[in-house]
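Accompanying notes for the structure given below.
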Amino acid sequence: MMLACICAFTAHAQEKDVTRFLGIPVDGSKSAMIQKLKEKGFRSSAEDSGILEGEFNGTKVNIHIVTNNGKVYRIVVFDKNMSNETQIKIRFNLLCRQFENSLKYLSTGDWTIPEGEDIGYETVVHKKRYQAAFYQRPQNSDLTAFANSGYQNKSVWFMIAEHLGKYHIALFYDNGYNQANGEDL
C-alpha cells in the first residue's frame with residue numbers, strides 16, 4: 001500500500017502544471033490536441049484540416065495549433081470575423097475585464113484601451129501594439145511555488161491585429177515548457 005502511494009505521488013509530482021485551453025493541457029502531439037478540441041465541438045476547416053473552427057467565449061473563431069519538436073506549445077485563437085475600430089475596442093476591453101475578474105488568472109496590469117483613443121491612428125503613426133498579458137494560476141493554488149517555478153510558463157495573452165482597416169483579436173495560450181529555447185541552434 002505504501003509503495004502504491006509513493007508511486008502515485010511521484011507520478012503526480014512529475015506532471016508539469018501547464019497552461020490549459022478549455023481545460024485541456026497545452027501539451028502533447030498536434031493530432032491528440034486536434035482530437036481533444038473536436039471532442040469539445042470544434043471541427044476542421046474546409047480550407048485546412050489543421051485549422052479548427054468553432055465558437056469560443058461567444059465568438060466564432062479559428063484555432064491554430066503550434067508545435068515545437070512535435071509537442072504543442074501554443075494554441076492561437078483568431079476571431080473569424082473582422083470588426084471595425086469601435087467594435088474591436090469594446091471586444092478588447094471586455095476580454096481584459098473578463099480575464100481580470102477570473103479567478104483562474106493573475107493580471108499584470110490594466111490593459112484596457114482608454115475611451116476616445118484612436119487605435120487606427122496609434123497603430124499606423126506610433127506603431128502602437130494593443131495587447132494584454134495574463135498568467136494562469138497553478139492547479140494546486142500554491143502561489144509561492146508558482147512564483148518560484150516561473151509563472152511565465154503559463155501565459156495567456158491577446159492582441160488586436162489589423163488588416164486593411166479591419167480588426168480582429170488573436171489570443172495565445174502558451175506552454176513555456178515546450179517553446180523553443182535555442183536547443184536547435
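Residue numbering restarts at 1 for every chain of the C-alpha cells, chains are lettered A, B, ... in their displayed order, and ligands are numbered from 1 as they appear.
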
Could I get the residues of stretch 152-174 of chain A with an atom no further than 12 Å from an atom of stretch 50-72 of chain A, each paired with its nearest atom pair and that distance in Å to one decimal, using only C-alpha atoms, sorted by chain and residue number, as JSON lines?
```
{"residue": "A:His168", "atom": "CA", "partner": "A:Val61", "partner_atom": "CA", "distance": 10.1}
{"residue": "A:Ile169", "atom": "CA", "partner": "A:Val61", "partner_atom": "CA", "distance": 9.6}
{"residue": "A:Ala170", "atom": "CA", "partner": "A:Val61", "partner_atom": "CA", "distance": 9.4}
{"residue": "A:Leu171", "atom": "CA", "partner": "A:Ile63", "partner_atom": "CA", "distance": 9.5}
{"residue": "A:Phe172", "atom": "CA", "partner": "A:His64", "partner_atom": "CA", "distance": 9.7}
{"residue": "A:Tyr173", "atom": "CA", "partner": "A:Ile65", "partner_atom": "CA", "distance": 9.9}
{"residue": "A:Asp174", "atom": "CA", "partner": "A:Val72", "partner_atom": "CA", "distance": 9.0}
```

Would you output that residue set with all heavy atoms, as a short mmCIF file (atom, residue, chain, number, x, y, z; two decimals), in the first residue's frame?
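And here's selection-v7.cif as it stands now:
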```
data_model
loop_
_atom_site.label_atom_id
_atom_site.label_comp_id
_atom_site.auth_asym_id
_atom_site.auth_seq_id
_atom_site.Cartn_x
_atom_site.Cartn_y
_atom_site.Cartn_z
N HIS A 168 -9.23 42.21 -35.73
CA HIS A 168 -9.69 41.02 -35.01
C HIS A 168 -8.76 40.80 -33.82
O HIS A 168 -7.69 41.38 -33.73
CB HIS A 168 -9.78 39.78 -35.90
CG HIS A 168 -8.47 39.29 -36.43
ND1 HIS A 168 -7.95 39.70 -37.62
CD2 HIS A 168 -7.59 38.40 -35.92
CE1 HIS A 168 -6.79 39.09 -37.82
NE2 HIS A 168 -6.55 38.31 -36.80
N ILE A 169 -9.22 39.94 -32.92
CA ILE A 169 -8.44 39.58 -31.73
C ILE A 169 -7.75 38.25 -32.00
O ILE A 169 -8.33 37.34 -32.57
CB ILE A 169 -9.34 39.43 -30.48
CG1 ILE A 169 -10.05 40.73 -30.15
CG2 ILE A 169 -8.56 38.89 -29.29
CD1 ILE A 169 -9.19 41.80 -29.52
N ALA A 170 -6.50 38.16 -31.57
CA ALA A 170 -5.75 36.90 -31.58
C ALA A 170 -5.37 36.60 -30.14
O ALA A 170 -4.73 37.43 -29.49
CB ALA A 170 -4.52 37.00 -32.46
N LEU A 171 -5.81 35.45 -29.62
CA LEU A 171 -5.47 35.01 -28.26
C LEU A 171 -4.43 33.91 -28.35
O LEU A 171 -4.52 33.04 -29.22
CB LEU A 171 -6.70 34.45 -27.55
CG LEU A 171 -7.80 35.40 -27.18
CD1 LEU A 171 -8.96 35.24 -28.13
CD2 LEU A 171 -8.25 35.11 -25.77
N PHE A 172 -3.48 33.92 -27.43
CA PHE A 172 -2.39 32.96 -27.41
C PHE A 172 -2.33 32.27 -26.05
O PHE A 172 -2.15 32.93 -25.04
CB PHE A 172 -1.05 33.65 -27.68
CG PHE A 172 -1.02 34.41 -28.97
CD1 PHE A 172 -1.49 35.71 -29.04
CD2 PHE A 172 -0.52 33.81 -30.12
CE1 PHE A 172 -1.47 36.43 -30.24
CE2 PHE A 172 -0.50 34.52 -31.32
CZ PHE A 172 -0.98 35.83 -31.38
N TYR A 173 -2.50 30.96 -26.04
CA TYR A 173 -2.36 30.15 -24.84
C TYR A 173 -1.03 29.43 -24.96
O TYR A 173 -0.90 28.51 -25.77
CB TYR A 173 -3.52 29.14 -24.72
CG TYR A 173 -4.82 29.78 -24.31
CD1 TYR A 173 -5.57 30.53 -25.21
CD2 TYR A 173 -5.29 29.65 -23.01
CE1 TYR A 173 -6.76 31.13 -24.83
CE2 TYR A 173 -6.49 30.24 -22.63
CZ TYR A 173 -7.21 30.98 -23.54
OH TYR A 173 -8.38 31.57 -23.16
N ASP A 174 -0.03 29.86 -24.20
CA ASP A 174 1.35 29.37 -24.36
C ASP A 174 1.78 28.44 -23.23
O ASP A 174 1.59 28.76 -22.05
CB ASP A 174 2.33 30.54 -24.41
CG ASP A 174 2.20 31.36 -25.68
OD1 ASP A 174 1.60 30.87 -26.65
OD2 ASP A 174 2.73 32.49 -25.70
#
```

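The smallest atom-to-atom distance between A:Thr108 and any of A:Asn93, A:Asn81, A:Ser155, A:Gln87, using only C-alpha atoms, is found for A:Ser155.
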
### Task
Return as an NGL selection string the full set of residues in stretch 21-145 of chain A whose backbone-based DSSP assignment is alpha helix (DSSP H).
:A and (30-39 or 85-101 or 119-125 or 143-145)

Extract the full set of strand (DSSP E or B) residues from stretch 23-91 of chain A according to DSSP on the backbone, and format it as a CSV table (one decimal) with N, CA, C and O atoms, in the first residue's frame.
```csv
chain,number,residue,atom,x,y,z
A,24,ILE,N,-8.0,21.7,-21.3
A,24,ILE,CA,-7.1,20.7,-22.0
A,24,ILE,C,-5.7,21.3,-21.8
A,24,ILE,O,-5.4,22.4,-22.2
A,25,PRO,N,-4.7,20.4,-21.3
A,25,PRO,CA,-3.3,20.9,-21.2
A,25,PRO,C,-2.8,21.2,-22.6
A,25,PRO,O,-3.0,20.5,-23.6
A,43,ARG,N,-14.5,21.8,-35.2
A,43,ARG,CA,-14.5,21.0,-36.4
A,43,ARG,C,-13.3,21.5,-37.4
A,43,ARG,O,-13.0,22.7,-37.3
A,44,SER,N,-12.9,20.6,-38.2
A,44,SER,CA,-11.8,21.0,-39.1
A,44,SER,C,-12.3,22.0,-40.1
A,44,SER,O,-13.5,21.9,-40.6
A,51,ILE,N,-6.5,23.5,-39.2
A,51,ILE,CA,-7.2,24.6,-38.5
A,51,ILE,C,-8.6,24.2,-38.1
A,51,ILE,O,-9.3,23.6,-38.9
A,52,LEU,N,-8.9,24.5,-36.9
A,52,LEU,CA,-10.2,24.2,-36.4
A,52,LEU,C,-11.1,25.4,-36.3
A,52,LEU,O,-10.6,26.5,-36.1
A,53,GLU,N,-12.4,25.2,-36.5
A,53,GLU,CA,-13.4,26.3,-36.4
A,53,GLU,C,-14.4,26.0,-35.3
A,53,GLU,O,-14.7,24.8,-35.0
A,54,GLY,N,-15.0,27.0,-34.7
A,54,GLY,CA,-16.0,26.8,-33.7
A,54,GLY,C,-16.3,28.1,-33.0
A,54,GLY,O,-16.0,29.2,-33.5
A,55,GLU,N,-16.9,28.0,-31.8
A,55,GLU,CA,-17.2,29.1,-31.0
A,55,GLU,C,-16.4,29.1,-29.7
A,55,GLU,O,-16.3,28.1,-29.1
A,56,PHE,N,-15.9,30.3,-29.4
A,56,PHE,CA,-15.1,30.4,-28.1
A,56,PHE,C,-15.5,31.7,-27.5
A,56,PHE,O,-15.4,32.8,-28.1
A,59,THR,N,-17.8,33.9,-29.5
A,59,THR,CA,-17.3,34.5,-30.8
A,59,THR,C,-16.9,33.3,-31.7
A,59,THR,O,-16.3,32.4,-31.3
A,60,LYS,N,-17.3,33.5,-33.0
A,60,LYS,CA,-16.8,32.5,-34.0
A,60,LYS,C,-15.3,32.7,-34.2
A,60,LYS,O,-14.8,33.8,-34.4
A,61,VAL,N,-14.6,31.5,-34.1
A,61,VAL,CA,-13.1,31.6,-34.1
A,61,VAL,C,-12.5,30.5,-35.0
A,61,VAL,O,-13.2,29.5,-35.3
A,62,ASN,N,-11.3,30.7,-35.4
A,62,ASN,CA,-10.4,29.7,-36.0
A,62,ASN,C,-9.3,29.4,-35.0
A,62,ASN,O,-8.8,30.4,-34.3
A,63,ILE,N,-9.0,28.2,-34.8
A,63,ILE,CA,-7.9,27.8,-33.9
A,63,ILE,C,-6.8,27.1,-34.6
A,63,ILE,O,-6.9,26.2,-35.4
A,64,HIS,N,-5.6,27.6,-34.3
A,64,HIS,CA,-4.3,27.1,-34.9
A,64,HIS,C,-3.5,26.5,-33.7
A,64,HIS,O,-3.4,27.0,-32.6
A,65,ILE,N,-2.9,25.3,-34.0
A,65,ILE,CA,-2.1,24.6,-33.0
A,65,ILE,C,-0.7,24.7,-33.5
A,65,ILE,O,-0.4,24.3,-34.6
A,66,VAL,N,0.2,25.2,-32.6
A,66,VAL,CA,1.6,25.4,-33.0
A,66,VAL,C,2.5,24.5,-32.1
A,66,VAL,O,2.2,24.3,-30.9
A,67,THR,N,3.4,23.8,-32.8
A,67,THR,CA,4.3,22.8,-32.1
A,67,THR,C,5.7,23.2,-32.2
A,67,THR,O,6.2,24.0,-33.0
A,68,ASN,N,6.5,22.6,-31.3
A,68,ASN,CA,8.0,22.6,-31.3
A,68,ASN,C,8.4,21.2,-31.0
A,68,ASN,O,8.1,20.6,-30.0
A,71,LYS,N,5.8,18.7,-30.0
A,71,LYS,CA,4.9,19.0,-28.8
A,71,LYS,C,4.2,20.3,-29.0
A,71,LYS,O,4.8,21.3,-29.4
A,72,VAL,N,2.9,20.3,-28.6
A,72,VAL,CA,2.2,21.6,-28.7
A,72,VAL,C,2.7,22.6,-27.7
A,72,VAL,O,2.9,22.2,-26.5
A,73,TYR,N,3.0,23.8,-28.1
A,73,TYR,CA,3.4,24.8,-27.2
A,73,TYR,C,2.5,26.0,-27.2
A,73,TYR,O,2.5,26.9,-26.3
A,74,ARG,N,1.6,26.1,-28.2
A,74,ARG,CA,0.8,27.3,-28.3
A,74,ARG,C,-0.5,27.0,-29.0
A,74,ARG,O,-0.6,26.3,-30.0
A,75,ILE,N,-1.6,27.5,-28.5
A,75,ILE,CA,-2.9,27.5,-29.1
A,75,ILE,C,-3.2,28.9,-29.5
A,75,ILE,O,-3.2,29.8,-28.6
A,76,VAL,N,-3.5,29.2,-30.7
A,76,VAL,CA,-3.8,30.5,-31.2
A,76,VAL,C,-5.3,30.5,-31.6
A,76,VAL,O,-5.7,29.7,-32.4
A,77,VAL,N,-6.0,31.5,-31.0
A,77,VAL,CA,-7.5,31.6,-31.3
A,77,VAL,C,-7.7,33.0,-32.0
A,77,VAL,O,-7.5,34.0,-31.4
A,78,PHE,N,-8.1,32.9,-33.2
A,78,PHE,CA,-8.4,34.1,-34.0
A,78,PHE,C,-9.9,34.3,-34.2
A,78,PHE,O,-10.6,33.4,-34.5
A,79,ASP,N,-10.3,35.6,-34.0
A,79,ASP,CA,-11.7,35.9,-34.4
A,79,ASP,C,-11.9,35.5,-35.9
A,79,ASP,O,-11.0,35.9,-36.7
A,83,SER,N,-13.7,43.2,-37.4
A,83,SER,CA,-14.5,44.2,-36.8
A,83,SER,C,-14.0,45.6,-37.2
A,83,SER,O,-12.9,45.8,-37.6
```

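Atom CA of A:Lys154 sits 15.1 Å away from atom CA of A:Ser102.
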